[in-house]
Structures are given as structure tokens and as C-alpha cells.
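Undergrad: Take this structure first; my questions come after.
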Amino acid sequence: MAAQFGRRLAKGATTTAVAALAVAALSASQAPGVTADDNGRSTATGAEASPDPTAGNGATGNSPYYTDLPPLNTPSPAPTDGSTPSISPVESEAGIPATVLDAYKKAAAELQQSKPGCNLPWQLLAAIGQVESGQARGGRVDADGTTTSKILGPQLDGNGFALIKDTDHGAYDGNSTYDSAVGPMQFIPSTWAWAGRDGNGDGVKDPNNIYDASLAAGHYLCRNNWDLSTSGGLEDAILSYNPSRHYLNTVLSWLEYYRKGTHEIPDGTGTVPGSRSDGSTGGSTPSAPSTSNPGSASPSAPGTGPTKPKPPATPPATTPPPSGGPTTPPSTPPVTPTQSVDHLEDSGTAKLTAMAGDAFSDKISTRAENAAGMGVPKVRIRFTIVGDTDATFVGGEKVATALTGASGVATAPALQAGETTGTFTVRTTLIGRTVTAPDYTATVTERVADTLVRTTTTDLTCAPSGEFAEAVQVKATYKGAVADKVAATATLITSADDATENAKGPYFKDADGKTVRTLTGLATDADGLLKLPQLYSDDTTGTFLLRITTAGGATLDVTLTVAAPTTDTSASPAPSPSPSASS
């Protein structure tokens, strides 16, 4: 995928010299203090600065990378209503294959949880993925995210590249003499040995898997306590991946471009960039990996340097078929599981209801089926929460993905209700292709309690025109568990059979000191406790009731007694002794 600038320079170029001149011109345009225009394209000029001396060979061993810059036009942002965006020919160059885009977003979400201070944007992973491998060679990955053929850089034998002798016994790159950068994010084996991650949960750390490689790249960029929301931290992180100012500026151009908006395209339909930092070219259709020399890369694989061309082999003599006779039909690519899916449908999902703050007890299950109604395994389904809600999937994300099993069913992670009550929608889509799919409605109800009890058993008494010595405190539970943040009301009622507000007896005071006999807007705390304000009484004596009710119907009547202090007259003073009689 040659960018606009790259295409203009290379137009009509038929020799290696012209291509090299174009690359030289592009390199000269990337200065250390480069800035980007509104389309994310570099604008400064000057010589390339020295790379960061502490970065070493970076994650890629200084392997070649794609130098194409973004298109001049900014892509339209993806619609928020779930509809398919309208894509112009220029914008289609910048589309990101569905599984690859999903891997970037999933990795960034994980880093937001594990290393929130890093502030890693998924667009940075997309920018590096574009520069390193053209988004896994246009999204040529299977449902698990593994590239359909290996993406290998040139062997790092010191001949125009870094010298890195074999560290993995050829396990990843097929070369037991020298290492090569491997996979969509182009990790060298020695770096993958400590930076590798399992991003798709299959128990394997595979640099050829876009989920694993994206998560590894995220952790690699977030080491050393770098804050990528700052220009210094962002620059240090990118230079640590490949210590080249030209590389830095190319990545920053794509980062800015993707931040302005991008869109999802089906897997395998992306174009491969056209220009590389070593003067070679990419191409729109990658060829099959070479098997003749395990240490060398495919001619169109990222990292392939210029090689001495072999003379074309003389084709064997053939006899043309007779006129009108049968001809060999053109080969057709095999149908992938994703391409065989005709539609998605619900797979027995129960009613989705939860109380605010609780996890939903039931999960969404969706089945991918082909046109014959058979389940399609090993395709990835995306679940997206839409609507005015603060509900999330467990873990805090609004989007989740799941792989279908042998029966074609994928189960979403559990939903977690927020504090916003009402209904919301969970939308399902097939990653990599647009098919009909169900929406699910979920409902969040208010928090409730089914039991209220006082926390003490002390009698609540007061003298006329006095105040009660103890405030009323109750505890709310629901099905035996603490019922926190439950709405409640407290009213001084006329009698057990008459819940109207009493006009005399005990009362509360409002902020202005006025008499109040009904309190609303109350709520239990995190421990399910509710402590009411101080109670007072007028000069009316007698027995009164305070009724406390909660959402869900829990009710408790508390008895209040107003009586004058009693005087104990049962004890009389002892009589004075009589004087003794005189004799």
C-alpha cells in the first residue's frame, strides 16, 4: 500500500535506482523534531538524528520496516450506531482487518487494567503493526489470530542488518545460524523469550499470533514506567522498539492518522504497503513462504532485503489443448470458517436481568451457522454494549470477543450491572464479515432489600419536649446478604393500621430547624446500615411508631415512647431516734 506521497515519487519508476531515490527522499523528510500535519503526515525536514543509544537493537533487531505514509485524506470515524461505514477508495487503504483491530483493542484494554499509568492507546499498536507488517499482511490470519503463513524478516547476519546469531535453535524463524524478526509485530526471538505473552488465552505464547504479539508489544512499550500520554514517554517507547528517528516519525504519522478515525475491514482484504526502509518493496499480494532456505524470508514478507535474482527457469514443453477442449480451471482459495458463516442466532440465552451493582447470573450465548443451519466452529464473535448504561462486561470493558466452539456457540463474558437502571442492548457481530446477527436486551433493576432489623435493642424513650438519647439505626439485607445503596424512607405514622403521617409526637428537624415527620432520599451505606437523624418530641405523651421502608418492600416499625419522668415515692426516710429517757 504505497501512500500518496510514495506513489507520486515512484510513479513510472522501473529501476531499483529510482526506488532507492524515493526512499532516500522520504528519509530526508523525517527530521528529529518532526511534526505532523492534520492528516498525520510528517512536515519537518532535516537529517536523521542518532538513535537512542540505550535502545540497542530494539524489539526487531533493526529489521526493515514499511515506510509508506498515511493517505492524504483522513478516514471517516467509525459510526457509533453499529451501522456499516461508507468507505471511499482512499479510506479503504487505511482500513484495519477485523481480527487484527480486535487484537489491538483487546491488548490496549488489558494494559489499561494492568498498567494504567502507561496510557497505551490501541492506535499506537495499530501504527506499529502497519509499519512492521502492513497489519499482518492485510489481515491474513485465521480465527485464532495466527498468520496463515509466517512473516519473517531477513536473517540478521550483519550483512546490511544487525548481527544476531541464533538464540532459539530455529524454533521461530527456521534458522539455526542467525535470528530473524518474526510475526506481525516483528519480534526477534531473543526479545520474544522474555517479552512474549499469551493474548488469546490458548496457553501458548506465539509471535505469529496477532493477539499474542499485540499484547507483547503493549507490555514492551509500557516497560520502564513510560507514560505514553506524554511526548517524551511516547518517543522513548517507540525508539525502544526500533532505534531510528525515521521509524519514529513514520509510526507517529500513522498514530495521528488512526487517532482521527479508522474503520474495520474483513480479514484478508487489506493491502500490503509498497515501500520498505531497505529499498525493497512490499506488494498487494504476499507470496507463499520459501521453504528452500529456512533462514530466508518470503520475497514479499516484511524484512526481506534485496537479493540477487535467479534466472527464470525454462518452462517444460507443453501441448496446447485442442480448440474448444477442456482447460484447467483456475484455482480458488479455500473457504475460511468466517466466510462460511451465513448468520448468527441466539443459542438459548435466558432473560438478562440483574440488580444494580450485581453481576448478571446468565450469560449471552450466540451460535454461528452456515446456510444449511450447521454450527461453524472457530470463528470470532464480538459482543458490544450499546445504549445509555454504565453496565460493562466483567472486567470493565464495553466490548468483548469470544471464539465459537465445536458446536458453533460462543459465550460472552458475564455482564456486570452499573448503577443506571433500565434497559440496554448487547449487539453481536461476526468479526471479519457482515452477517445478520441478534441483539440482546438486558435490564438493570434498582437495588432492593427484603429484611430490616435494628442494630440495638435499647428502648427508645423521651421526655415531653425533649430529645431521644439514641438515634435509630437499622441494617438492610437481601437474601441474607448485605443490601447496600438501597433507597429508603422513614415516616412517623399515625398507627400500625394507618400509615398517614402523624401530626403530633416525635419528629425530625430539617436544615432550617423546622419540624419534619417524613424523610425521603435515604440510602443504606456499603455495609447495609442506615442511621437516621436525631429524633425530638413535642409535649404530647404516649406511644408512637416510626416506619422505615426500602425499595423491594422491606418494612420495619420502631416503637417510640414519650413519657414524663417518674418519681419514686416508695421509699420513706427513717424516723429520727427519740431522745433517751432520763432516769
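Every chain in the C-alpha cells takes a letter, A first, then B, and so on in the order presented; its residues are numbered from 1, and the ligands are numbered from 1 following the presented order.
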Show me, as a ChimeraX atom specification, the residues that have an atom within 8 Å of segment 505-518 of chain A when counting only C-alpha atoms, minus same-chain residues fewer than 6 positions from it.
TA: /A:489-492,533-542,544,560,562
Undergrad: Determine which residues of segment 475-547 of chain A DSSP labels as strand (DSSP E) from the backbone of this structure, then write them out as an MDAnalysis selection string.
TA: chainID A and resid 475:478 481:482 487:495 498:501 506:509 515:516 518:523 529:531 536:537 542:547
Undergrad: May I ask for the distance between atom CA of Ala237 of chain A and atom CA of Gly218 of chain A, given in Å to one decimal place?
TA: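 Atom-to-atom, atom CA of Ala237 of chain A and atom CA of Gly218 of chain A are spaced 10.0 Å apart.
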Undergrad: How many Å separate atom CA of Gly170 of chain A from atom CA of Asn209 of chain A?
TA: 17.5 Å
Undergrad: Write out as a VMD selection string all residues of segment 317-518 of chain A that backbone DSSP assigns to alpha helix (DSSP H).
TA: chain A and resid 337 to 340
Undergrad: Quote the spacing between atom CA of Leu152 of chain A and atom CA of Ile238 of chain A in Å to one decimal place.
TA: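 Here the two named atoms are 20.7 Å from each other.
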Undergrad: Find the residue from A:Arg367, A:Lys398, A:Lys479, A:Arg427 that sits nearest to Lys106 of chain A; use only C-alpha atoms when measuring.
TA: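 Using only C-alpha atoms, Lys106 of chain A sits closest to A:Lys398.
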